[in-house]
Amino acid sequence: MTAMSFEDALKSCGKPKPSILLGNGFSIAQSAGKFSYSNLREKCRFESKPLEELFVKLDTNDFEEVLSHIQSALLVAEHYDFKEIGEKLKTEAKALREGLISAIKEVHPTDYTAIEDGEIENCSAFIDLFSTVFTLNYDLLLYWVNQAKKPHRDGFGLGDVENFCRPFSPDGHCSIYNLHGGLHLFKKSQKEVEKAISSGGMNLIETISHVVNERGQLPIFVSEGSSDVKFDTIMTNKYLKHCYMKLWNLSGPLFIYGHSADKRDEHIYNAIFNDKSEVDKLFVCVHEPDKQLDQITEMLTPYIERNSARSKQPVSVEYVDSATVPVWK
C-alpha cells in the first residue's frame, strides 16, 4: 500500500469541493505544536503546590475539569461553613484562571499579523479548497487565517457586543466547525455560545484575558480524558453537539490532515464511519508514510471493517503523503 500525492487525491474528488478535518498536525506544521493545550499547561507556573499536584492527581491537563472540582469543593466548604478552606479554594480558582491567561499570552501572538503574510495567503488558499472545515484544535491559527481572508463563515452573527460577535446560530451561514471548542469560544448561556473578537482597543488575546479575569469564565474546550468522556461533554453543549452532528451527517469526500486516529478521539471516527455515513471517500494524510502508513492502517482497520459490514455504501479509504499537502508553504 502506498500514499498518493495531494494533487492526485484532490483531482479524484471531482466536484463539488471535498471537506477536511484538521488535527494538531495542522498547528504543528506552522508552529511546532506550541499552541497545543498540553503546552499551555506546561507553561503555567503555579505558586501553589497543591494546585500543581491537583492536575497530577486528576491525571489531566484540562483546566476546566480542575476548576470544576475546585468549585464543587468550594460549594461543599461554604455549605458547611468551612470559611478558611473556602477562602483557600477561591484563591486557588483565581490562580488557575490567571495561570491559563499567562500561558496563553506567552505562546500566542496577539493577532494574525504575527503570522507571516505568505503563510496566511497559502493557508487561506488551502482551506478554500474545501467546502467544509472541521477542526479538533483549540488554538487560534485557523481563526486568524479565516479572519484575514474570510474564505469561510463560522455561524456567529455580525456585530460587536461587548467584545463578542453575536451568538452562534444553527441557521446561520457556517462552514467551519470547532468540534472540540476553542480558546475564543465562551458560553453566553446554557444554550448559547459566543465568539470573542478584537474590539474596543483590545486584541483577541486581551479580550480572552478580560473574559477569564472579569467574568471568571474559561473557554469552551474538550481536552483530556477518554473518547467516551469527550463524547459525553460534546453532547451536553448545544454548539459542540451541532458541530459533531454535522460531521456525523457529512456526505462526499473527506480529507483528514494532522491526525493519527488516536484512540482518545474514537468518537470522531465513529462519526465518520457510522453505518449511515454518506462519506464516500476518505483521504487520510500520513506524515512520513514509509514509517507510519502501516500504523495508521492498523488504527483505522476496525472502523473500516465495521463500516463495511454494516453500511450499504462503505467508506473508501485512501492515503495521502502529508509532505505534498500545501498547508502553510
# chains A, B, ... in the order shown; residues from 1 in each chain; ligands from 1
>>> select_by_dssp(residues="range 255-326 of chain A", states="strand (DSSP E or B)", output="list in words")
Phe255, Ile256, Tyr257, Glu278, Lys281, Leu282, Phe283, Val284, Cys285, Val286, Ser316, Val317, Glu318, Tyr319, Val320 and Asp321 of chain A
>>> write_last_selection(atoms="N, CA, C and O atoms", output="mmCIF file, in the first residue's frame")
data_model
loop_
_atom_site.group_PDB
_atom_site.id
_atom_site.type_symbol
_atom_site.label_atom_id
_atom_site.label_comp_id
_atom_site.auth_asym_id
_atom_site.auth_seq_id
_atom_site.Cartn_x
_atom_site.Cartn_y
_atom_site.Cartn_z
ATOM 1 N N PHE A 255 -11.106 14.778 3.662
ATOM 2 C CA PHE A 255 -9.676 14.661 3.942
ATOM 3 C C PHE A 255 -9.456 14.769 5.445
ATOM 4 O O PHE A 255 -10.154 15.529 6.126
ATOM 5 N N ILE A 256 -8.486 14.028 5.953
ATOM 6 C CA ILE A 256 -8.031 14.187 7.339
ATOM 7 C C ILE A 256 -6.568 14.591 7.289
ATOM 8 O O ILE A 256 -5.736 13.884 6.717
ATOM 9 N N TYR A 257 -6.256 15.729 7.894
ATOM 10 C CA TYR A 257 -4.873 16.220 7.900
ATOM 11 C C TYR A 257 -4.442 16.503 9.330
ATOM 12 O O TYR A 257 -5.120 17.228 10.063
ATOM 13 N N GLU A 278 -22.518 8.977 4.706
ATOM 14 C CA GLU A 278 -22.543 9.250 3.268
ATOM 15 C C GLU A 278 -21.204 9.805 2.791
ATOM 16 O O GLU A 278 -21.106 10.341 1.690
ATOM 17 N N LYS A 281 -15.527 8.851 0.101
ATOM 18 C CA LYS A 281 -14.080 8.679 0.040
ATOM 19 C C LYS A 281 -13.438 9.389 1.225
ATOM 20 O O LYS A 281 -13.749 10.543 1.508
ATOM 21 N N LEU A 282 -12.532 8.679 1.894
ATOM 22 C CA LEU A 282 -11.783 9.268 2.992
ATOM 23 C C LEU A 282 -10.306 9.264 2.619
ATOM 24 O O LEU A 282 -9.718 8.217 2.351
ATOM 25 N N PHE A 283 -9.709 10.463 2.582
ATOM 26 C CA PHE A 283 -8.296 10.601 2.263
ATOM 27 C C PHE A 283 -7.545 10.961 3.548
ATOM 28 O O PHE A 283 -7.716 12.061 4.073
ATOM 29 N N VAL A 284 -6.758 10.039 4.043
ATOM 30 C CA VAL A 284 -6.031 10.241 5.292
ATOM 31 C C VAL A 284 -4.599 10.652 4.978
ATOM 32 O O VAL A 284 -3.834 9.892 4.371
ATOM 33 N N CYS A 285 -4.232 11.864 5.362
ATOM 34 C CA CYS A 285 -2.878 12.365 5.112
ATOM 35 C C CYS A 285 -1.929 11.804 6.169
ATOM 36 O O CYS A 285 -2.192 11.921 7.366
ATOM 37 N N VAL A 286 -0.861 11.193 5.719
ATOM 38 C CA VAL A 286 0.058 10.478 6.609
ATOM 39 C C VAL A 286 1.434 11.140 6.594
ATOM 40 O O VAL A 286 2.018 11.360 5.529
ATOM 41 N N SER A 316 -14.714 4.428 1.313
ATOM 42 C CA SER A 316 -13.467 4.033 0.651
ATOM 43 C C SER A 316 -12.321 4.852 1.232
ATOM 44 O O SER A 316 -12.410 6.087 1.297
ATOM 45 N N VAL A 317 -11.244 4.193 1.666
ATOM 46 C CA VAL A 317 -10.136 4.874 2.329
ATOM 47 C C VAL A 317 -8.889 4.869 1.452
ATOM 48 O O VAL A 317 -8.481 3.821 0.938
ATOM 49 N N GLU A 318 -8.312 6.043 1.262
ATOM 50 C CA GLU A 318 -7.051 6.203 0.541
ATOM 51 C C GLU A 318 -6.081 6.974 1.436
ATOM 52 O O GLU A 318 -6.489 7.663 2.386
ATOM 53 N N TYR A 319 -4.774 6.873 1.129
ATOM 54 C CA TYR A 319 -3.768 7.539 1.933
ATOM 55 C C TYR A 319 -3.000 8.562 1.089
ATOM 56 O O TYR A 319 -2.723 8.330 -0.091
ATOM 57 N N VAL A 320 -2.681 9.691 1.721
ATOM 58 C CA VAL A 320 -2.027 10.804 1.047
ATOM 59 C C VAL A 320 -0.740 11.156 1.795
ATOM 60 O O VAL A 320 -0.727 11.179 3.030
ATOM 61 N N ASP A 321 0.308 11.421 1.077
ATOM 62 C CA ASP A 321 1.575 11.841 1.671
ATOM 63 C C ASP A 321 1.453 13.280 2.163
ATOM 64 O O ASP A 321 1.273 14.212 1.371
#
>>> select_by_dssp(residues="range 73-316 of chain A", states="alpha helix (DSSP H)", output="PyMOL selection string")
chain A and resi 73-79+83-107+117-127+141-149+204-210+227-235+238-248+266-272+289-310
>>> residues_around(residues="Cys44 in chain A", least_positions_apart="2", cutoff="10 Å", atoms="only C-alpha atoms", output="list in words")
Asn39, Leu40, Arg41, Glu42, Phe46, Glu47, Glu52, Leu96, Glu98, Gly99, Leu100, Ile101, Ser102, Ala103, Ile104 and Glu106 of chain A
>>> residues_around(residues="range 171-187 of chain A", least_positions_apart="4", cutoff="9 Å", atoms="only C-alpha atoms", output="PyMOL selection string")
chain A and resi 104+131-140+143+152-157+191-197+204-205+207-208+211+217-223+230+234+239-244+246-247+268
>>> closest_residue(among="A:Met1, A:Met235, A:Val325, A:Leu142", to="Asp294 in chain A", atoms="only C-alpha atoms")
A:Met1
>>> closest_residue(among="A:His69, A:Lys149, A:Arg264, A:Arg215", to="Ser227 in chain A", atoms="only C-alpha atoms")
A:Arg264
>>> residues_around(residues="Gln313 in chain A", least_positions_apart="6", cutoff="10 Å", atoms="only C-alpha atoms", output="ChimeraX atom specification")
/A:275-280,307
